[in-house]
Amino acid sequence: MPKKILVVDDDFNILKLIAIRLKANNYDVVTASDGLYAIKKVYEDKPDLIILDIEMPVGGGMGVFKNLKMNTETMLIPVIFITAYPSEEMQSKVLEMGAEDFITKPFNADELMAKVRKALGENIEKKDANGGQSG
Amino acid sequence: MEDKTKEELIEEMRVLKTRIADIQDLECKYKSAEIELKKAKEELEVETWGLAKTNEAIKFIYKELDKKNKELQTLDKLKTNFISTASHELRTPLTTIIESISQVLDEIHGKITAEQREFLSICLEDVDRLSRLVNDLLDISKIEAGRFKLTKQQVDIVSLAKMVSVLFHPKAKSIGLELRENFCSQTAMAYVDKDSVIRVFTNLISNALKFTDKGYIEILVMDKPTCVECCISDTGRGISEEDMPRVFGEFEEFGNREGVREKGTGLGLSICKRIIELHQGEIWAESTLNKGTKFIFTLPKYTENKIQEE
């Protein structure tokens with residue numbers, strides 16, 4: 001059964017592109033474009049991983065993250081933060097708070113997939129949708 | 001009444017005259033003192049007026065300083081907001097462009113022809129360059145706004161240089177260049193921000209690879225008594241004497257750029273200079289046209305005193 005990933009980003013294009021990339025790598029993908037809807041989807045769909053944009057106007061990424069970490073049902077779901085403004089303090093802060101990893105926009109697709117596989121405890125060297133080796 | 005003698009009367013008159021003279025003398029002194037007092041009072045009034053004016057001027061200056069301080073705080077906040085807003089507004093569309101092109105190149109949306117691959121690769125190359133330019137511009141903004149924070153720690157520059165060198169070996173080999181290492185000691189401990197120094201090494205080695213057609217690039221690290229001195233030298237095209245003053249300038253292009261392998265952002269050397277200066281080090285270049293170039297920089301040594309000073 002394919003692993004399920006929830007992608008949360010207020011930019012529709014980025015949301016769509018990440019979803020396409022993940023589906024091409026045989027993951028099930030659920031999307032949300034704001035924090036409030038994202039929390040709802042977490043409880044409904046119980047994803048194995050969450051890719052979460054930090055900078056969102058409605059229900060920011062940090063708020064969603066804190067909410068998930070306070071709840072026993074959701075606190076163990078790994079979260080990869082995605083941001084366009086990678087300050088060192090923010091990176092250290094979110095990793096200390098328990099985030100699995102951090103990715104900066106614009107991201108490299110190989111780097112994204114490597115971090116997704118690592119967060120899901122999968123072998124990083126994995127065949128991609130086109131049969132080529134990637135990682 | 002007793003009749004007074006003539007002598008007694010003369011004596012009384014003499015005493016009276018003396019007393020009158022004394023009184024006149026006192027009167028004179030009193031008048032002088034009065035004049036002095038009046039003068040002192042006038043001077044005091046002038047001084048008081050002067051102090052009041054000075055006080056007014058000081059209050060005005062404080063008010064102006066307060067106003068300027070608030071303006072500076074607003075500017076400071078605007079700078080920080082600009083950096084984070086510009087970062088977000090530039091990086092978000094770049095993400096969309098890079099990922100869209102990558103997905104087509106990865107044939108996620110169907111097969112593509114060799115010609116389509118060629119043109120899309122050109123697009124991706126330039127968008128990657130644009131992305132690096134955005135990163136460099138934002139870093140320069142951060143440095144200028146005083147927002148570029150250094151996290152200093154004890155770092156072995158020899159190990160750091162070896163690590164960076166390993167990353168560049170494949171590229172050097174692929175273009176027929178030798179990448180040499182020359183470490184004058186086993187270790188060279190410096191007190192630096194590790195990521196920033198890696199950036200300096202990376203920028204300088206990348207530049208050397210770009211502008212060297214044949215021969216080698218050498219990475220040298222020397223543990224000197226007062227600093228750690230590093231040098232990236234090459235047998236490349238060199239820089240002319242008239243271009244040397246512009247070497248660390250922003251967006252400066254000079255020399256023979258024909259056949260240069262990769263387009264840079266024009267900010268790499270400027271960022272190197274700023275990073276080294278933030279570490280209170282020095283950076284300079286020495287070059288001979290058509291023979292090669294050396295970029296030399298110094299880093300503060302790690303000592304217990306250094307940490308206490310900081």
# chains A, B, ... in the order shown; residues from 1 in each chain; ligands from 1
>>> interface_residues(of="chain B", to="chain A", cutoff="9 Å", atoms="only C-alpha atoms", output="list in words")
Ile83, Ser84, Thr85, Ser87, His88, Glu89, Leu90, Arg91, Thr92, Pro93, Leu94, Thr95, Thr96, Ile97, Ile98, Glu99, Ser100, Ser102, Gln103, Asp106, Glu107, Ile108, Ser131 and Lys149 of chain B
>>> residues_around(residues="Ser165 (chain B)", least_positions_apart="5", cutoff="10 Å", atoms="only C-alpha atoms", output="PDB file with N, CA and C atoms, in the first residue's frame")
ATOM      1  N   SER B 159      40.836  20.430   7.563  1.00  0.00           N
ATOM      2  CA  SER B 159      39.751  19.445   7.313  1.00  0.00           C
ATOM      3  C   SER B 159      38.673  20.029   6.427  1.00  0.00           C
ATOM      4  N   LEU B 160      38.340  21.289   6.681  1.00  0.00           N
ATOM      5  CA  LEU B 160      37.299  21.963   5.905  1.00  0.00           C
ATOM      6  C   LEU B 160      37.716  22.063   4.440  1.00  0.00           C
ATOM      7  N   PRO B 170      35.718  15.764  -8.961  1.00  0.00           N
ATOM      8  CA  PRO B 170      35.098  15.255 -10.191  1.00  0.00           C
ATOM      9  C   PRO B 170      34.996  16.314 -11.279  1.00  0.00           C
ATOM     10  N   ALA B 172      36.816  19.066 -11.661  1.00  0.00           N
ATOM     11  CA  ALA B 172      38.152  19.418 -12.163  1.00  0.00           C
ATOM     12  C   ALA B 172      38.622  18.356 -13.152  1.00  0.00           C
ATOM     13  N   LEU B 179      43.490  19.251  -9.390  1.00  0.00           N
ATOM     14  CA  LEU B 179      43.160  19.999  -8.175  1.00  0.00           C
ATOM     15  C   LEU B 179      44.125  19.552  -7.078  1.00  0.00           C
ATOM     16  N   ARG B 180      45.037  20.437  -6.702  1.00  0.00           N
ATOM     17  CA  ARG B 180      46.077  20.087  -5.737  1.00  0.00           C
ATOM     18  C   ARG B 180      45.748  20.602  -4.350  1.00  0.00           C
ATOM     19  N   GLU B 181      46.253  19.897  -3.359  1.00  0.00           N
ATOM     20  CA  GLU B 181      46.100  20.342  -1.969  1.00  0.00           C
ATOM     21  C   GLU B 181      47.489  20.543  -1.374  1.00  0.00           C
ATOM     22  N   PHE B 201      35.565  29.262   0.218  1.00  0.00           N
ATOM     23  CA  PHE B 201      36.357  28.262  -0.516  1.00  0.00           C
ATOM     24  C   PHE B 201      35.644  27.864  -1.804  1.00  0.00           C
ATOM     25  N   THR B 202      34.347  27.596  -1.686  1.00  0.00           N
ATOM     26  CA  THR B 202      33.565  27.141  -2.840  1.00  0.00           C
ATOM     27  C   THR B 202      33.568  28.194  -3.944  1.00  0.00           C
ATOM     28  N   ILE B 205      37.162  28.480  -5.523  1.00  0.00           N
ATOM     29  CA  ILE B 205      37.535  27.314  -6.341  1.00  0.00           C
ATOM     30  C   ILE B 205      36.696  27.278  -7.623  1.00  0.00           C
ATOM     31  N   GLU B 218      45.362  25.080  -7.041  1.00  0.00           N
ATOM     32  CA  GLU B 218      45.939  24.625  -5.774  1.00  0.00           C
ATOM     33  C   GLU B 218      45.245  25.284  -4.590  1.00  0.00           C
ATOM     34  N   ILE B 219      44.955  24.427  -3.595  1.00  0.00           N
ATOM     35  CA  ILE B 219      44.357  24.936  -2.340  1.00  0.00           C
ATOM     36  C   ILE B 219      45.445  24.855  -1.277  1.00  0.00           C
TER      37      ILE B 219
END
>>> residues_around(residues="Lys115 (chain A)", least_positions_apart="6", cutoff="9 Å", atoms="only C-alpha atoms", output="list in words")
Ile80, Glu100, Asp101, Phe102, Ile103 and Ile124 of chain A
>>> atom_distance(atom1="CA of Gly35 (chain A)", atom2="CA of Val64 (chain A)")
5.8 Å
>>> residues_around(residues="Lys41 (chain A)", least_positions_apart="4", cutoff="12 Å", atoms="only C-alpha atoms", output="ChimeraX atom specification")
/A:4-8,29-37,45-47,50,64,68,74
>>> write_last_selection(atoms="N, CA and C atoms", output="short mmCIF file (atom, residue, chain, number, x, y, z; two decimals), in the first residue's frame")
data_model
loop_
_atom_site.label_atom_id
_atom_site.label_comp_id
_atom_site.auth_asym_id
_atom_site.auth_seq_id
_atom_site.Cartn_x
_atom_site.Cartn_y
_atom_site.Cartn_z
N LYS A 4 1.08 7.66 2.30
CA LYS A 4 0.28 8.84 2.01
C LYS A 4 0.99 10.09 2.52
N ILE A 5 1.03 11.09 1.65
CA ILE A 5 1.71 12.33 2.03
C ILE A 5 0.73 13.50 1.89
N LEU A 6 0.65 14.32 2.93
CA LEU A 6 -0.16 15.54 2.89
C LEU A 6 0.77 16.71 2.55
N VAL A 7 0.44 17.44 1.48
CA VAL A 7 1.25 18.60 1.10
C VAL A 7 0.43 19.85 1.38
N VAL A 8 1.05 20.79 2.10
CA VAL A 8 0.33 22.01 2.47
C VAL A 8 1.12 23.23 1.99
N VAL A 29 -1.20 11.16 -2.56
CA VAL A 29 -1.02 12.55 -2.15
C VAL A 29 -2.35 13.20 -1.82
N VAL A 30 -2.36 13.93 -0.69
CA VAL A 30 -3.51 14.75 -0.31
C VAL A 30 -2.98 16.17 -0.20
N THR A 31 -3.81 17.15 -0.58
CA THR A 31 -3.30 18.53 -0.53
C THR A 31 -4.20 19.44 0.29
N ALA A 32 -3.59 20.53 0.78
CA ALA A 32 -4.35 21.58 1.47
C ALA A 32 -3.64 22.90 1.21
N SER A 33 -4.44 23.97 1.08
CA SER A 33 -3.80 25.25 0.76
C SER A 33 -3.86 26.25 1.93
N ASP A 34 -4.33 25.79 3.08
CA ASP A 34 -4.22 26.64 4.27
C ASP A 34 -4.14 25.76 5.52
N GLY A 35 -3.71 26.36 6.59
CA GLY A 35 -3.43 25.61 7.80
C GLY A 35 -4.65 24.96 8.42
N LEU A 36 -5.77 25.68 8.41
CA LEU A 36 -6.98 25.13 9.06
C LEU A 36 -7.46 23.89 8.33
N TYR A 37 -7.49 23.98 7.00
CA TYR A 37 -7.91 22.83 6.20
C TYR A 37 -6.90 21.70 6.34
N ASP A 45 -7.45 12.00 6.89
CA ASP A 45 -6.68 11.10 6.00
C ASP A 45 -5.51 10.39 6.66
N LYS A 46 -5.13 10.85 7.86
CA LYS A 46 -4.03 10.23 8.60
C LYS A 46 -2.80 9.95 7.71
N PRO A 47 -2.16 11.02 7.24
CA PRO A 47 -1.01 10.83 6.34
C PRO A 47 0.20 10.25 7.07
N ILE A 50 3.94 14.76 6.39
CA ILE A 50 3.37 16.07 6.02
C ILE A 50 4.50 16.96 5.50
N VAL A 64 0.17 25.23 12.61
CA VAL A 64 -0.29 23.86 12.31
C VAL A 64 0.62 22.86 13.02
N LEU A 68 -0.36 20.05 15.83
CA LEU A 68 -0.18 18.60 15.64
C LEU A 68 0.67 18.00 16.76
N THR A 74 -1.55 12.86 16.51
CA THR A 74 -0.82 13.40 15.35
C THR A 74 0.64 13.75 15.62
#
>>> closest_residue(among="A:Leu76, A:Leu22, A:Met62, A:Met1", to="Val42 (chain A)", atoms="only C-alpha atoms")
A:Leu76
>>> select_by_dssp(residues="chain A", states="helix (DSSP H, G or I)", output="JSON, numbers by chain")
{"A": [12, 13, 14, 15, 16, 17, 18, 19, 20, 21, 22, 23, 24, 35, 36, 37, 38, 39, 40, 41, 42, 43, 44, 45, 61, 62, 63, 64, 65, 66, 67, 68, 69, 88, 89, 90, 91, 92, 93, 94, 95, 96, 97, 109, 110, 111, 112, 113, 114, 115, 116, 117, 118, 119]}
>>> atom_distance(atom1="CA of Pro245 (chain B)", atom2="CA of Trp284 (chain B)")
10.1 Å
>>> select_by_dssp(residues="region 28-67 of chain A", states="strand (DSSP E)", output="ChimeraX atom specification")
/A:28-32,49-53
>>> residues_around(residues="Ile239 (chain B)", least_positions_apart="5", cutoff="7 Å", atoms="only C-alpha atoms", output="list in words")
Met244, Gly255, Ser287, Thr288 and Leu289 of chain B
>>> write_last_selection(atoms="N, CA and C atoms", output="short mmCIF file (atom, residue, chain, number, x, y, z; two decimals), in the first residue's frame")
data_model
loop_
_atom_site.label_atom_id
_atom_site.label_comp_id
_atom_site.auth_asym_id
_atom_site.auth_seq_id
_atom_site.Cartn_x
_atom_site.Cartn_y
_atom_site.Cartn_z
N MET B 244 42.50 44.87 -11.76
CA MET B 244 42.66 44.42 -10.37
C MET B 244 41.83 45.20 -9.34
N GLY B 255 38.52 41.02 -18.31
CA GLY B 255 39.40 40.00 -18.88
C GLY B 255 38.76 39.25 -20.03
N SER B 287 47.89 38.58 -9.39
CA SER B 287 47.67 37.92 -10.68
C SER B 287 48.63 38.40 -11.75
N THR B 288 48.90 37.50 -12.70
CA THR B 288 49.67 37.87 -13.88
C THR B 288 48.87 37.40 -15.08
N LEU B 289 48.66 38.31 -16.01
CA LEU B 289 47.84 37.99 -17.18
C LEU B 289 48.42 36.79 -17.92
#
>>> closest_residue(among="B:Lys79, B:Glu34, B:Val15, B:Glu43", to="Ile140 (chain B)", atoms="only C-alpha atoms")
B:Lys79
>>> decode(residues="region 19-46 of chain A", atoms="N, CA and C atoms", output="mmCIF file, in the first residue's frame")
data_model
loop_
_atom_site.group_PDB
_atom_site.id
_atom_site.type_symbol
_atom_site.label_atom_id
_atom_site.label_comp_id
_atom_site.auth_asym_id
_atom_site.auth_seq_id
_atom_site.Cartn_x
_atom_site.Cartn_y
_atom_site.Cartn_z
ATOM 1 N N ALA A 19 2.759 17.740 -5.691
ATOM 2 C CA ALA A 19 1.852 16.580 -5.727
ATOM 3 C C ALA A 19 2.160 15.691 -6.935
ATOM 4 N N ILE A 20 2.390 16.309 -8.098
ATOM 5 C CA ILE A 20 2.704 15.545 -9.313
ATOM 6 C C ILE A 20 4.003 14.772 -9.118
ATOM 7 N N ARG A 21 5.006 15.449 -8.566
ATOM 8 C CA ARG A 21 6.310 14.808 -8.347
ATOM 9 C C ARG A 21 6.162 13.594 -7.425
ATOM 10 N N LEU A 22 5.407 13.768 -6.346
ATOM 11 C CA LEU A 22 5.243 12.674 -5.374
ATOM 12 C C LEU A 22 4.452 11.522 -5.987
ATOM 13 N N LYS A 23 3.402 11.845 -6.732
ATOM 14 C CA LYS A 23 2.596 10.782 -7.365
ATOM 15 C C LYS A 23 3.436 10.015 -8.375
ATOM 16 N N ALA A 24 4.329 10.736 -9.099
ATOM 17 C CA ALA A 24 5.207 10.076 -10.068
ATOM 18 C C ALA A 24 6.159 9.113 -9.366
ATOM 19 N N ASN A 25 6.358 9.325 -8.075
ATOM 20 C CA ASN A 25 7.197 8.431 -7.276
ATOM 21 C C ASN A 25 6.369 7.470 -6.439
ATOM 22 N N ASN A 26 5.132 7.253 -6.887
ATOM 23 C CA ASN A 26 4.236 6.233 -6.322
ATOM 24 C C ASN A 26 3.783 6.488 -4.892
ATOM 25 N N TYR A 27 3.596 7.751 -4.564
ATOM 26 C CA TYR A 27 2.997 8.059 -3.266
ATOM 27 C C TYR A 27 1.559 8.504 -3.486
ATOM 28 N N ASP A 28 0.752 8.280 -2.444
ATOM 29 C CA ASP A 28 -0.611 8.821 -2.435
ATOM 30 C C ASP A 28 -0.502 10.239 -1.910
ATOM 31 N N VAL A 29 -1.197 11.157 -2.564
ATOM 32 C CA VAL A 29 -1.018 12.550 -2.145
ATOM 33 C C VAL A 29 -2.351 13.197 -1.820
ATOM 34 N N VAL A 30 -2.360 13.930 -0.691
ATOM 35 C CA VAL A 30 -3.514 14.746 -0.313
ATOM 36 C C VAL A 30 -2.978 16.172 -0.203
ATOM 37 N N THR A 31 -3.810 17.154 -0.577
ATOM 38 C CA THR A 31 -3.296 18.529 -0.526
ATOM 39 C C THR A 31 -4.203 19.444 0.290
ATOM 40 N N ALA A 32 -3.589 20.533 0.777
ATOM 41 C CA ALA A 32 -4.347 21.580 1.469
ATOM 42 C C ALA A 32 -3.640 22.900 1.209
ATOM 43 N N SER A 33 -4.439 23.973 1.082
ATOM 44 C CA SER A 33 -3.797 25.255 0.764
ATOM 45 C C SER A 33 -3.858 26.246 1.932
ATOM 46 N N ASP A 34 -4.332 25.793 3.084
ATOM 47 C CA ASP A 34 -4.223 26.637 4.267
ATOM 48 C C ASP A 34 -4.145 25.764 5.517
ATOM 49 N N GLY A 35 -3.709 26.359 6.592
ATOM 50 C CA GLY A 35 -3.430 25.606 7.804
ATOM 51 C C GLY A 35 -4.651 24.956 8.423
ATOM 52 N N LEU A 36 -5.770 25.679 8.413
ATOM 53 C CA LEU A 36 -6.983 25.135 9.056
ATOM 54 C C LEU A 36 -7.464 23.889 8.327
ATOM 55 N N TYR A 37 -7.487 23.978 7.000
ATOM 56 C CA TYR A 37 -7.908 22.831 6.198
ATOM 57 C C TYR A 37 -6.902 21.699 6.340
ATOM 58 N N ALA A 38 -5.638 22.048 6.479
ATOM 59 C CA ALA A 38 -4.581 21.032 6.636
ATOM 60 C C ALA A 38 -4.818 20.203 7.892
ATOM 61 N N ILE A 39 -5.145 20.879 8.993
ATOM 62 C CA ILE A 39 -5.392 20.156 10.258
ATOM 63 C C ILE A 39 -6.575 19.194 10.068
ATOM 64 N N LYS A 40 -7.587 19.677 9.380
ATOM 65 C CA LYS A 40 -8.776 18.833 9.124
ATOM 66 C C LYS A 40 -8.355 17.583 8.335
ATOM 67 N N LYS A 41 -7.525 17.790 7.291
ATOM 68 C CA LYS A 41 -7.109 16.672 6.446
ATOM 69 C C LYS A 41 -6.239 15.677 7.214
ATOM 70 N N VAL A 42 -5.464 16.168 8.175
ATOM 71 C CA VAL A 42 -4.618 15.265 8.964
ATOM 72 C C VAL A 42 -5.490 14.264 9.720
ATOM 73 N N TYR A 43 -6.550 14.763 10.335
ATOM 74 C CA TYR A 43 -7.434 13.872 11.102
ATOM 75 C C TYR A 43 -8.257 12.969 10.198
ATOM 76 N N GLU A 44 -8.624 13.488 9.037
ATOM 77 C CA GLU A 44 -9.435 12.685 8.100
ATOM 78 C C GLU A 44 -8.607 11.614 7.406
ATOM 79 N N ASP A 45 -7.449 12.002 6.886
ATOM 80 C CA ASP A 45 -6.683 11.104 6.002
ATOM 81 C C ASP A 45 -5.512 10.394 6.660
ATOM 82 N N LYS A 46 -5.125 10.851 7.859
ATOM 83 C CA LYS A 46 -4.025 10.225 8.604
ATOM 84 C C LYS A 46 -2.801 9.951 7.708
#
